[in-house]
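Okay, so here's the structure we're looking at.
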Amino acid sequence: MKKKKNSIWMFFASVKLALFVLFILAAASIIGTIVPQIGTFVPQDSILEHYKQFYGAILNGLGLHSAQATTVITKISDLLSFDDMYSSWWFNGLLGLLSINLIVCSIERLPDVWRLVVMDNHQTKISRLQSMRNTLELTSSDPAPQTTAALQQRLAAIGWPASQSSRDDGHLLFSQKTPWSRLGVYVVHLSILVIFAGAAVGFFYGQKGGINLPETLSSDKVYQYGSGDEIDLGFTIKCNWFTMTRYPNGAPKEYQSELVIIDNDKEVLTKVIEVNHPLSYKGWTFYQSSYESHKKYIISVANQTTDVQELFLAPIREPVRWQDEKLLFAITDLIPTTTPMIYQYKLMVADGKGGQQLLILDDNKQGTLIRPDGNAYDFQVKEFFSTGLQVAKDPGVWIVYIGCGLMLAGLGVAFFMSHRRLWLFISEKEGKTTILIAGTANKNKPGFEQEFAKINEALTQAQSIEVQK
């Protein structure tokens, strides 16, 4: 009588539980993609107001404007931590439940699968071989021992090396391929657990922060999300420049920053970053996330003759003096262009002796001014920004990569390989040698039928062997 198993154990071993959890996780991930994840980036006191506006805009778009509905949805969102879903208690609880399910499923089913991998197939009953789907009977004019040796040699020649045993007054040859392919699904189970472990390491031991880094300036610290505590990088990050392009309506289209890593007083790495193209150094990753305008302007001036160059920072209409070159200049006005938020700059240049010259410059484009004394100067003006960087250090990322590699390997084995087995039973009856060939595969049975036919064709080409009529 079969022993009844514990109901709680069987609940966690259920495939239905795995499918249910995966469905909920998929639905939650869709919500997490639609709803902005700002929980770690926005102060707590402004999150609710942000989401009231967000959900209110959605309801308005659906023609369902209701202040009460907006408030209710916002409260539900806050209760379920939709602003930071992937760190919420319920989302991580689902991941934990899926992990338990995978472990229990593997413990429950792996022993039976392992027995199939390591079992002694020479003990298979001959009656079972006769009832298999793929069978063929041959005859041979040679004695059974000689026929057995010839078939064993033939199998080895076509890539099916076989072992031999004596069974039921006959000889049994057995060969198999990729028995370990039955373990592919459990490699996938393991890979998911490894990925979860890597994510847990990153969650508990990783660091996340941010910084608004002004152009031309540098910092060796970032600020932890939530607490605002300083995090020492161990090196210096500098922003050489920030630039932004806009759509014809003036909305931001793309923004980039050129970042420089300075380590031990040496520039070791320079990279232009943009959204989805971060910079990584010593485990830290810097993501382009935002920007801030300071309503000031960077004025770059270079003497073409001497190659002397200088940068100046000034608000509009505030004079700047370049003492070494005896120049005085100021941005006197912003000229609107056809693209909103993009301006031309009216630059007035004086030498302190009463002489003034006007230069109109496009945004971040160079213009040349020749002074009365013959000196030529290149001027360039751009708005002064700080680049907003999200900064993360995740020590679990390599564990996740290993898990992804295991998953690819496990899926490849599970979907594209099968455990194929082949038996040949050679016996003598009434002075005639008969050969029973039987084979089976645990997956891709139509494909194995074709392979089984090719094996039989190769065996019937052996001398003195023919298909039984």
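Each chain of the structure tokens is named A, B, ... in the order shown, its residues numbered from 1; ligands are numbered from 1 in display order.
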**Message:** At a cut-off of 7 Å, using only C-alpha atoms, what residues contact range 113-124 of chain A? Leave out same-chain residues fewer than 5 positions from it and give the result as a list in words.
**Reply:** Ser165, Phe174, Pro179, Trp180 and Arg182 of chain A
**Asked** If you count only C-alpha atoms, which residues fall within 8 Å of range 282-291 of chain A, apart from same-chain ones fewer than 4 positions away, as a list in words?
**Response**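 Final neighbour list, sorted by chain and number: Asn212, Gln256, Ser257, Ile273, Glu274, Val275, Asn276, His277, Pro278, Phe385, Ser386, Thr387, Gly388, Leu389, Gln390, Val391, Ala392, Lys393, Asp394 and Pro395 of chain A.
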**Message:** My list of candidates is A:Ile437, A:Ile370, A:Val260, A:Leu102. Which is closest to Ser191 in chain A when distances are computed with only C-alpha atoms?
**Reply:**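 Of all the options, A:Leu102 lies closest to Ser191 in chain A.
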Please identify the strand (DSSP E) residues within range 132-381 of chain A (assignment by DSSP from backbone atoms) and present them as a PDB file with C-alpha atoms, in the first residue's frame.
```
ATOM      1  CA  ASN A 134      10.057   1.008 -31.706  1.00  0.00           C
ATOM      2  CA  THR A 135      10.918  -2.660 -32.337  1.00  0.00           C
ATOM      3  CA  LEU A 136      12.290  -4.766 -35.168  1.00  0.00           C
ATOM      4  CA  GLU A 137      13.144  -8.451 -35.446  1.00  0.00           C
ATOM      5  CA  LEU A 138      16.104  -9.705 -37.519  1.00  0.00           C
ATOM      6  CA  THR A 139      17.570 -13.125 -38.193  1.00  0.00           C
ATOM      7  CA  SER A 140      21.114 -14.254 -38.698  1.00  0.00           C
ATOM      8  CA  SER A 163      27.728  -3.170 -23.282  1.00  0.00           C
ATOM      9  CA  GLN A 164      26.907  -6.894 -23.199  1.00  0.00           C
ATOM     10  CA  SER A 165      25.317  -9.232 -20.699  1.00  0.00           C
ATOM     11  CA  SER A 166      23.863 -12.767 -20.699  1.00  0.00           C
ATOM     12  CA  ARG A 167      20.096 -12.895 -20.250  1.00  0.00           C
ATOM     13  CA  GLY A 170      20.598 -15.200 -24.844  1.00  0.00           C
ATOM     14  CA  HIS A 171      22.844 -12.157 -25.155  1.00  0.00           C
ATOM     15  CA  LEU A 172      21.676  -8.580 -24.438  1.00  0.00           C
ATOM     16  CA  LEU A 173      23.392  -5.539 -25.911  1.00  0.00           C
ATOM     17  CA  PHE A 174      22.520  -2.127 -24.481  1.00  0.00           C
ATOM     18  CA  SER A 175      23.548   1.379 -25.512  1.00  0.00           C
ATOM     19  CA  GLN A 176      22.271   4.830 -24.554  1.00  0.00           C
ATOM     20  CA  LYS A 177      22.938   8.495 -25.268  1.00  0.00           C
ATOM     21  CA  GLN A 207      24.574  50.159  -2.536  1.00  0.00           C
ATOM     22  CA  LYS A 208      22.399  52.602  -4.450  1.00  0.00           C
ATOM     23  CA  GLY A 209      22.767  56.331  -4.574  1.00  0.00           C
ATOM     24  CA  GLY A 210      22.743  59.368  -6.764  1.00  0.00           C
ATOM     25  CA  ILE A 211      24.362  62.706  -7.375  1.00  0.00           C
ATOM     26  CA  ASN A 212      23.746  65.875  -9.342  1.00  0.00           C
ATOM     27  CA  LEU A 213      27.216  66.624 -10.719  1.00  0.00           C
ATOM     28  CA  PRO A 214      27.718  70.067 -12.299  1.00  0.00           C
ATOM     29  CA  SER A 218      34.055  66.466  -9.773  1.00  0.00           C
ATOM     30  CA  SER A 219      33.172  64.473  -6.669  1.00  0.00           C
ATOM     31  CA  ASP A 220      34.486  61.440  -4.815  1.00  0.00           C
ATOM     32  CA  LYS A 221      31.165  60.852  -3.050  1.00  0.00           C
ATOM     33  CA  VAL A 222      27.568  60.025  -3.912  1.00  0.00           C
ATOM     34  CA  TYR A 223      24.497  60.125  -1.684  1.00  0.00           C
ATOM     35  CA  GLN A 224      22.535  57.076  -0.613  1.00  0.00           C
ATOM     36  CA  GLU A 230      27.476  60.011   1.942  1.00  0.00           C
ATOM     37  CA  ILE A 231      29.025  57.010   0.184  1.00  0.00           C
ATOM     38  CA  ASP A 232      32.758  57.202  -0.490  1.00  0.00           C
ATOM     39  CA  LEU A 233      33.533  55.927  -3.993  1.00  0.00           C
ATOM     40  CA  GLY A 234      37.252  55.436  -3.469  1.00  0.00           C
ATOM     41  CA  PHE A 235      37.953  57.439  -6.641  1.00  0.00           C
ATOM     42  CA  THR A 236      36.764  60.678  -8.263  1.00  0.00           C
ATOM     43  CA  ILE A 237      34.109  61.110 -10.936  1.00  0.00           C
ATOM     44  CA  LYS A 238      34.158  64.282 -13.066  1.00  0.00           C
ATOM     45  CA  CYS A 239      31.640  65.608 -15.584  1.00  0.00           C
ATOM     46  CA  ASN A 240      33.442  67.256 -18.483  1.00  0.00           C
ATOM     47  CA  TRP A 241      30.239  68.358 -20.192  1.00  0.00           C
ATOM     48  CA  PHE A 242      26.520  67.751 -20.474  1.00  0.00           C
ATOM     49  CA  THR A 243      24.510  68.214 -23.653  1.00  0.00           C
ATOM     50  CA  MET A 244      20.845  67.846 -24.530  1.00  0.00           C
ATOM     51  CA  THR A 245      18.922  67.710 -27.794  1.00  0.00           C
ATOM     52  CA  ARG A 246      15.240  68.592 -28.059  1.00  0.00           C
ATOM     53  CA  PRO A 252      13.925  66.850 -24.155  1.00  0.00           C
ATOM     54  CA  LYS A 253      14.871  64.188 -26.714  1.00  0.00           C
ATOM     55  CA  GLU A 254      18.254  62.898 -25.598  1.00  0.00           C
ATOM     56  CA  TYR A 255      20.882  63.902 -23.084  1.00  0.00           C
ATOM     57  CA  GLN A 256      24.477  62.822 -22.666  1.00  0.00           C
ATOM     58  CA  SER A 257      27.335  63.376 -20.253  1.00  0.00           C
ATOM     59  CA  GLU A 258      31.045  62.895 -20.694  1.00  0.00           C
ATOM     60  CA  LEU A 259      32.345  61.396 -17.468  1.00  0.00           C
ATOM     61  CA  VAL A 260      35.952  60.973 -16.410  1.00  0.00           C
ATOM     62  CA  ILE A 261      37.205  58.562 -13.743  1.00  0.00           C
ATOM     63  CA  ILE A 262      40.186  59.895 -11.792  1.00  0.00           C
ATOM     64  CA  ASP A 263      41.969  57.329  -9.642  1.00  0.00           C
ATOM     65  CA  LYS A 266      45.258  59.930 -12.911  1.00  0.00           C
ATOM     66  CA  GLU A 267      42.514  59.978 -15.521  1.00  0.00           C
ATOM     67  CA  VAL A 268      41.943  56.267 -16.099  1.00  0.00           C
ATOM     68  CA  LEU A 269      38.653  56.215 -18.006  1.00  0.00           C
ATOM     69  CA  THR A 270      36.579  58.608 -20.097  1.00  0.00           C
ATOM     70  CA  LYS A 271      33.173  57.744 -21.510  1.00  0.00           C
ATOM     71  CA  VAL A 272      30.130  59.499 -22.916  1.00  0.00           C
ATOM     72  CA  ILE A 273      27.060  58.052 -21.212  1.00  0.00           C
ATOM     73  CA  GLU A 274      23.368  58.283 -22.053  1.00  0.00           C
ATOM     74  CA  LEU A 279      29.752  53.727 -17.265  1.00  0.00           C
ATOM     75  CA  SER A 280      31.144  51.009 -14.977  1.00  0.00           C
ATOM     76  CA  TYR A 281      34.295  51.105 -12.857  1.00  0.00           C
ATOM     77  CA  TRP A 284      30.208  50.903  -9.521  1.00  0.00           C
ATOM     78  CA  THR A 285      27.843  51.700 -12.389  1.00  0.00           C
ATOM     79  CA  PHE A 286      26.854  55.269 -13.297  1.00  0.00           C
ATOM     80  CA  TYR A 287      23.539  55.692 -15.132  1.00  0.00           C
ATOM     81  CA  GLN A 288      22.353  58.831 -16.894  1.00  0.00           C
ATOM     82  CA  SER A 289      19.004  59.599 -15.260  1.00  0.00           C
ATOM     83  CA  SER A 290      18.219  63.327 -15.173  1.00  0.00           C
ATOM     84  CA  TYR A 291      19.563  66.854 -15.444  1.00  0.00           C
ATOM     85  CA  GLU A 292      19.212  70.257 -13.808  1.00  0.00           C
ATOM     86  CA  SER A 293      19.665  73.713 -15.287  1.00  0.00           C
ATOM     87  CA  HIS A 294      21.352  76.379 -13.143  1.00  0.00           C
ATOM     88  CA  LYS A 295      20.240  79.341 -15.280  1.00  0.00           C
ATOM     89  CA  LYS A 296      23.871  80.183 -15.857  1.00  0.00           C
ATOM     90  CA  TYR A 297      26.026  79.877 -18.952  1.00  0.00           C
ATOM     91  CA  ILE A 298      29.474  78.491 -19.696  1.00  0.00           C
ATOM     92  CA  ILE A 299      31.450  80.834 -21.903  1.00  0.00           C
ATOM     93  CA  SER A 300      34.496  79.301 -23.578  1.00  0.00           C
ATOM     94  CA  VAL A 301      37.058  81.736 -25.008  1.00  0.00           C
ATOM     95  CA  ALA A 302      40.254  80.860 -26.895  1.00  0.00           C
ATOM     96  CA  ASN A 303      42.933  83.119 -28.445  1.00  0.00           C
ATOM     97  CA  GLN A 309      41.855  79.072 -23.576  1.00  0.00           C
ATOM     98  CA  GLU A 310      39.677  79.819 -20.563  1.00  0.00           C
ATOM     99  CA  LEU A 311      36.222  78.899 -19.271  1.00  0.00           C
ATOM    100  CA  PHE A 312      33.921  81.364 -17.498  1.00  0.00           C
ATOM    101  CA  LEU A 313      30.591  80.852 -15.732  1.00  0.00           C
ATOM    102  CA  ALA A 314      28.110  83.712 -15.600  1.00  0.00           C
ATOM    103  CA  VAL A 320      32.966  88.708 -17.130  1.00  0.00           C
ATOM    104  CA  ARG A 321      36.540  89.958 -17.267  1.00  0.00           C
ATOM    105  CA  TRP A 322      39.434  87.966 -18.729  1.00  0.00           C
ATOM    106  CA  LEU A 327      38.688  91.401 -22.427  1.00  0.00           C
ATOM    107  CA  LEU A 328      35.307  92.217 -20.953  1.00  0.00           C
ATOM    108  CA  PHE A 329      32.233  90.370 -22.241  1.00  0.00           C
ATOM    109  CA  ALA A 330      28.675  89.472 -21.257  1.00  0.00           C
ATOM    110  CA  ILE A 331      25.621  87.690 -22.583  1.00  0.00           C
ATOM    111  CA  THR A 332      23.241  90.602 -23.003  1.00  0.00           C
ATOM    112  CA  ASP A 333      20.194  88.794 -24.349  1.00  0.00           C
ATOM    113  CA  LEU A 334      18.696  85.422 -25.318  1.00  0.00           C
ATOM    114  CA  ILE A 335      17.195  85.270 -28.811  1.00  0.00           C
ATOM    115  CA  PRO A 336      14.375  82.675 -29.205  1.00  0.00           C
ATOM    116  CA  TYR A 343      18.231  80.166 -27.930  1.00  0.00           C
ATOM    117  CA  GLN A 344      20.843  82.166 -29.717  1.00  0.00           C
ATOM    118  CA  TYR A 345      23.126  84.229 -27.508  1.00  0.00           C
ATOM    119  CA  LYS A 346      23.832  87.937 -27.996  1.00  0.00           C
ATOM    120  CA  LEU A 347      27.396  88.368 -26.735  1.00  0.00           C
ATOM    121  CA  MET A 348      28.847  91.847 -26.229  1.00  0.00           C
ATOM    122  CA  VAL A 349      32.671  92.047 -26.129  1.00  0.00           C
ATOM    123  CA  ALA A 350      34.667  95.120 -25.005  1.00  0.00           C
ATOM    124  CA  GLN A 356      32.510  97.217 -28.295  1.00  0.00           C
ATOM    125  CA  GLN A 357      31.629  94.411 -30.687  1.00  0.00           C
ATOM    126  CA  LEU A 358      28.534  92.215 -30.951  1.00  0.00           C
ATOM    127  CA  LEU A 359      28.609  88.486 -31.687  1.00  0.00           C
ATOM    128  CA  ILE A 360      25.520  86.284 -32.224  1.00  0.00           C
ATOM    129  CA  LEU A 361      26.176  82.658 -31.280  1.00  0.00           C
ATOM    130  CA  ASP A 362      24.084  79.547 -31.778  1.00  0.00           C
ATOM    131  CA  GLN A 366      31.620  78.245 -31.979  1.00  0.00           C
ATOM    132  CA  GLY A 367      31.906  81.767 -33.393  1.00  0.00           C
ATOM    133  CA  THR A 368      34.984  83.876 -34.145  1.00  0.00           C
ATOM    134  CA  LEU A 369      35.484  87.527 -33.341  1.00  0.00           C
ATOM    135  CA  ILE A 370      38.416  89.575 -34.682  1.00  0.00           C
ATOM    136  CA  ALA A 376      41.082  86.577 -33.183  1.00  0.00           C
ATOM    137  CA  TYR A 377      39.056  84.907 -30.427  1.00  0.00           C
ATOM    138  CA  ASP A 378      36.836  81.848 -30.611  1.00  0.00           C
ATOM    139  CA  PHE A 379      33.741  82.108 -28.411  1.00  0.00           C
ATOM    140  CA  GLN A 380      31.310  79.348 -27.489  1.00  0.00           C
ATOM    141  CA  VAL A 381      28.314  79.564 -25.145  1.00  0.00           C
TER     142      VAL A 381
END
```
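Proximity of A:Ala458, A:Gly206, A:Ala149, A:Glu383 to Pro315 in chain A, computed with only C-alpha atoms, is greatest for A:Glu383.
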**Request:** Work out how far apart CA of Asn375 in chain A and CA of Lys326 in chain A are and give it in Å to one decimal.
**Result:**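 Here the two named atoms are 11.7 Å from each other.
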**Item:** All residues 9 Å or closer to Gly250 in chain A, only C-alpha atoms, same chain fewer than 6 positions away omitted, as a count of residues only
**Value:** 4
**Message:** Between CA of Trp9 in chain A and CA of Val104 in chain A, what is the distance in Å, rounded to a tenth?
**Reply:**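 Going from CA of Trp9 in chain A over to CA of Val104 in chain A, I get 7.5 Å.
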**Request:** Give me the residues within 8 Å of Phe452 in chain A as number ranges by chain, counting only C-alpha atoms and dropping any in the same chain fewer than 4 places off.
**Result:** A: 134, 439, 448, 456
Selection from above, C-alpha atoms, as a PDB file, in the first residue's frame, can you write it?
```pdb
ATOM      1  CA  ASN A 134      10.057   1.008 -31.706  1.00  0.00           C
ATOM      2  CA  GLY A 439      14.510   1.503 -28.551  1.00  0.00           C
ATOM      3  CA  PHE A 448      13.904   9.086 -32.484  1.00  0.00           C
ATOM      4  CA  ASN A 456      18.205  -0.681 -38.242  1.00  0.00           C
TER       5      ASN A 456
END
```
**Request:** May I have all residues of range 230-459 of chain A that DSSP, computed from the backbone, assigns to helix (DSSP H, G or I), given as a ChimeraX atom specification?
**Result:** /A:323-325,397-416,445-459
May I have the residues from that selection written out with N, CA and C atoms, as an mmCIF file, in the first residue's frame?
```cif
data_model
loop_
_atom_site.group_PDB
_atom_site.id
_atom_site.type_symbol
_atom_site.label_atom_id
_atom_site.label_comp_id
_atom_site.auth_asym_id
_atom_site.auth_seq_id
_atom_site.Cartn_x
_atom_site.Cartn_y
_atom_site.Cartn_z
ATOM 1 N N GLN A 323 41.197 88.872 -17.393
ATOM 2 C CA GLN A 323 42.218 89.847 -17.051
ATOM 3 C C GLN A 323 43.452 89.699 -17.930
ATOM 4 N N ASP A 324 43.889 88.457 -18.178
ATOM 5 C CA ASP A 324 45.129 88.238 -18.934
ATOM 6 C C ASP A 324 45.030 88.749 -20.367
ATOM 7 N N GLU A 325 43.834 88.664 -20.955
ATOM 8 C CA GLU A 325 43.649 89.103 -22.345
ATOM 9 C C GLU A 325 43.019 90.485 -22.432
ATOM 10 N N VAL A 397 25.901 40.727 -8.908
ATOM 11 C CA VAL A 397 25.639 40.689 -10.350
ATOM 12 C C VAL A 397 26.299 39.483 -11.012
ATOM 13 N N TRP A 398 27.497 39.105 -10.555
ATOM 14 C CA TRP A 398 28.161 37.953 -11.176
ATOM 15 C C TRP A 398 27.452 36.651 -10.815
ATOM 16 N N ILE A 399 26.842 36.604 -9.646
ATOM 17 C CA ILE A 399 26.043 35.430 -9.294
ATOM 18 C C ILE A 399 24.849 35.334 -10.238
ATOM 19 N N VAL A 400 24.235 36.470 -10.536
ATOM 20 C CA VAL A 400 23.115 36.495 -11.478
ATOM 21 C C VAL A 400 23.570 36.045 -12.868
ATOM 22 N N TYR A 401 24.751 36.514 -13.299
ATOM 23 C CA TYR A 401 25.271 36.100 -14.612
ATOM 24 C C TYR A 401 25.487 34.582 -14.655
ATOM 25 N N ILE A 402 26.023 34.029 -13.560
ATOM 26 C CA ILE A 402 26.230 32.576 -13.502
ATOM 27 C C ILE A 402 24.879 31.862 -13.591
ATOM 28 N N GLY A 403 23.891 32.386 -12.872
ATOM 29 C CA GLY A 403 22.553 31.801 -12.934
ATOM 30 C C GLY A 403 21.969 31.850 -14.334
ATOM 31 N N CYS A 404 22.178 32.960 -15.040
ATOM 32 C CA CYS A 404 21.684 33.073 -16.416
ATOM 33 C C CYS A 404 22.384 32.061 -17.325
ATOM 34 N N GLY A 405 23.687 31.871 -17.109
ATOM 35 C CA GLY A 405 24.411 30.868 -17.895
ATOM 36 C C GLY A 405 23.877 29.464 -17.634
ATOM 37 N N LEU A 406 23.628 29.161 -16.357
ATOM 38 C CA LEU A 406 23.046 27.855 -16.018
ATOM 39 C C LEU A 406 21.673 27.679 -16.657
ATOM 40 N N MET A 407 20.894 28.758 -16.671
ATOM 41 C CA MET A 407 19.557 28.662 -17.251
ATOM 42 C C MET A 407 19.627 28.366 -18.747
ATOM 43 N N LEU A 408 20.522 29.056 -19.461
ATOM 44 C CA LEU A 408 20.657 28.794 -20.892
ATOM 45 C C LEU A 408 21.080 27.351 -21.149
ATOM 46 N N ALA A 409 22.040 26.876 -20.332
ATOM 47 C CA ALA A 409 22.493 25.489 -20.496
ATOM 48 C C ALA A 409 21.356 24.512 -20.189
ATOM 49 N N GLY A 410 20.636 24.754 -19.094
ATOM 50 C CA GLY A 410 19.547 23.862 -18.708
ATOM 51 C C GLY A 410 18.425 23.853 -19.728
ATOM 52 N N LEU A 411 18.069 25.026 -20.255
ATOM 53 C CA LEU A 411 17.017 25.087 -21.267
ATOM 54 C C LEU A 411 17.446 24.387 -22.552
ATOM 55 N N GLY A 412 18.735 24.554 -22.904
ATOM 56 C CA GLY A 412 19.236 23.876 -24.098
ATOM 57 C C GLY A 412 19.137 22.363 -23.967
ATOM 58 N N VAL A 413 19.521 21.853 -22.797
ATOM 59 C CA VAL A 413 19.445 20.411 -22.564
ATOM 60 C C VAL A 413 17.988 19.943 -22.514
ATOM 61 N N ALA A 414 17.138 20.715 -21.799
ATOM 62 C CA ALA A 414 15.754 20.305 -21.609
ATOM 63 C C ALA A 414 14.965 20.286 -22.913
ATOM 64 N N PHE A 415 15.247 21.227 -23.814
ATOM 65 C CA PHE A 415 14.450 21.342 -25.030
ATOM 66 C C PHE A 415 15.053 20.628 -26.242
ATOM 67 N N PHE A 416 16.374 20.482 -26.271
ATOM 68 C CA PHE A 416 17.005 20.003 -27.501
ATOM 69 C C PHE A 416 17.718 18.659 -27.355
ATOM 70 N N LYS A 445 9.934 11.915 -29.683
ATOM 71 C CA LYS A 445 9.743 10.538 -30.142
ATOM 72 C C LYS A 445 9.698 10.422 -31.669
ATOM 73 N N PRO A 446 9.071 11.353 -32.414
ATOM 74 C CA PRO A 446 9.137 11.256 -33.884
ATOM 75 C C PRO A 446 10.567 11.327 -34.421
ATOM 76 N N GLY A 447 11.386 12.178 -33.806
ATOM 77 C CA GLY A 447 12.782 12.264 -34.229
ATOM 78 C C GLY A 447 13.533 10.972 -33.949
ATOM 79 N N PHE A 448 13.225 10.346 -32.794
ATOM 80 C CA PHE A 448 13.904 9.086 -32.484
ATOM 81 C C PHE A 448 13.468 7.965 -33.420
ATOM 82 N N GLU A 449 12.221 8.001 -33.870
ATOM 83 C CA GLU A 449 11.764 6.980 -34.816
ATOM 84 C C GLU A 449 12.603 7.012 -36.096
ATOM 85 N N GLN A 450 12.932 8.217 -36.547
ATOM 86 C CA GLN A 450 13.781 8.339 -37.735
ATOM 87 C C GLN A 450 15.187 7.813 -37.446
ATOM 88 N N GLU A 451 15.711 8.136 -36.265
ATOM 89 C CA GLU A 451 17.042 7.655 -35.900
ATOM 90 C C GLU A 451 17.037 6.129 -35.749
ATOM 91 N N PHE A 452 15.961 5.590 -35.179
ATOM 92 C CA PHE A 452 15.837 4.142 -35.003
ATOM 93 C C PHE A 452 15.836 3.439 -36.364
ATOM 94 N N ALA A 453 15.168 4.029 -37.345
ATOM 95 C CA ALA A 453 15.136 3.446 -38.691
ATOM 96 C C ALA A 453 16.535 3.431 -39.304
ATOM 97 N N LYS A 454 17.313 4.489 -39.086
ATOM 98 C CA LYS A 454 18.672 4.543 -39.625
ATOM 99 C C LYS A 454 19.569 3.498 -38.954
ATOM 100 N N ILE A 455 19.378 3.293 -37.641
ATOM 101 C CA ILE A 455 20.163 2.277 -36.922
ATOM 102 C C ILE A 455 19.863 0.894 -37.491
ATOM 103 N N ASN A 456 18.594 0.619 -37.696
ATOM 104 C CA ASN A 456 18.205 -0.681 -38.242
ATOM 105 C C ASN A 456 18.754 -0.895 -39.640
ATOM 106 N N GLU A 457 18.734 0.157 -40.422
ATOM 107 C CA GLU A 457 19.270 0.054 -41.780
ATOM 108 C C GLU A 457 20.755 -0.275 -41.749
ATOM 109 N N ALA A 458 21.478 0.370 -40.814
ATOM 110 C CA ALA A 458 22.915 0.104 -40.700
ATOM 111 C C ALA A 458 23.178 -1.322 -40.223
ATOM 112 N N LEU A 459 22.339 -1.824 -39.319
ATOM 113 C CA LEU A 459 22.544 -3.173 -38.801
ATOM 114 C C LEU A 459 22.215 -4.244 -39.844
#
```
Counting only C-alpha atoms, what is within 10 Å of His189 in chain A, bar same-chain residues fewer than 3 positions away, as a tab-separated table (two decimals) with N, CA and C atoms, in the first residue's frame?
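Generated output (out04.tsv):
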```
chain	number	residue	atom	x	y	z
A	99	SER	N	10.70	30.03	-4.81
A	99	SER	CA	11.94	29.33	-4.46
A	99	SER	C	11.65	28.07	-3.67
A	101	ASN	N	8.89	26.38	-3.70
A	101	ASN	CA	8.23	25.46	-4.62
A	101	ASN	C	9.24	24.72	-5.49
A	102	LEU	N	10.22	25.44	-6.00
A	102	LEU	CA	11.25	24.81	-6.84
A	102	LEU	C	12.07	23.79	-6.06
A	103	ILE	N	12.42	24.16	-4.82
A	103	ILE	CA	13.23	23.25	-4.00
A	103	ILE	C	12.45	21.98	-3.67
A	105	CYS	N	9.76	20.75	-5.21
A	105	CYS	CA	9.53	19.98	-6.44
A	105	CYS	C	10.75	19.15	-6.81
A	106	SER	N	11.92	19.76	-6.71
A	106	SER	CA	13.15	19.04	-7.06
A	106	SER	C	13.40	17.88	-6.11
A	183	LEU	N	18.18	15.60	-16.53
A	183	LEU	CA	18.42	16.54	-15.42
A	183	LEU	C	18.33	17.99	-15.86
A	184	GLY	N	18.09	18.24	-17.16
A	184	GLY	CA	18.07	19.61	-17.67
A	184	GLY	C	17.09	20.51	-16.94
A	185	VAL	N	15.90	20.01	-16.67
A	185	VAL	CA	14.89	20.84	-16.01
A	185	VAL	C	15.33	21.21	-14.59
A	186	TYR	N	16.10	20.33	-13.95
A	186	TYR	CA	16.56	20.64	-12.59
A	186	TYR	C	17.72	21.63	-12.60
A	192	ILE	N	17.37	29.34	-11.51
A	192	ILE	CA	16.45	30.34	-10.96
A	192	ILE	C	16.81	30.66	-9.52
A	193	LEU	N	17.13	29.62	-8.74
A	193	LEU	CA	17.53	29.84	-7.34
A	193	LEU	C	18.83	30.63	-7.25
A	194	VAL	N	19.77	30.35	-8.17
A	194	VAL	CA	21.04	31.09	-8.18
A	194	VAL	C	20.79	32.57	-8.52
A	403	GLY	N	23.89	32.39	-12.87
A	403	GLY	CA	22.55	31.80	-12.93
A	403	GLY	C	21.97	31.85	-14.33
A	406	LEU	N	23.63	29.16	-16.36
A	406	LEU	CA	23.05	27.85	-16.02
A	406	LEU	C	21.67	27.68	-16.66
A	407	MET	N	20.89	28.76	-16.67
A	407	MET	CA	19.56	28.66	-17.25
A	407	MET	C	19.63	28.37	-18.75
A	410	GLY	N	20.64	24.75	-19.09
A	410	GLY	CA	19.55	23.86	-18.71
A	410	GLY	C	18.43	23.85	-19.73
```
**Request:** Give the answer as one residue: which of A:Leu62, A:Asp169, A:Lys125, A:Ala28 has the shortest atom-to-atom distance to Ala144 in chain A, using only C-alpha atoms?
**Result:**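 That would be A:Asp169, the residue with the smallest distance to Ala144 in chain A.
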**Item:** Residue with smallest distance to Asp168 in chain A - pool A:Thr71, A:Gln153, A:Ser127, A:Asn364, counting only C-alpha atoms
**Value:**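 Of A:Thr71, A:Gln153, A:Ser127, A:Asn364, the one nearest Asp168 in chain A is A:Ser127, counting only C-alpha atoms.
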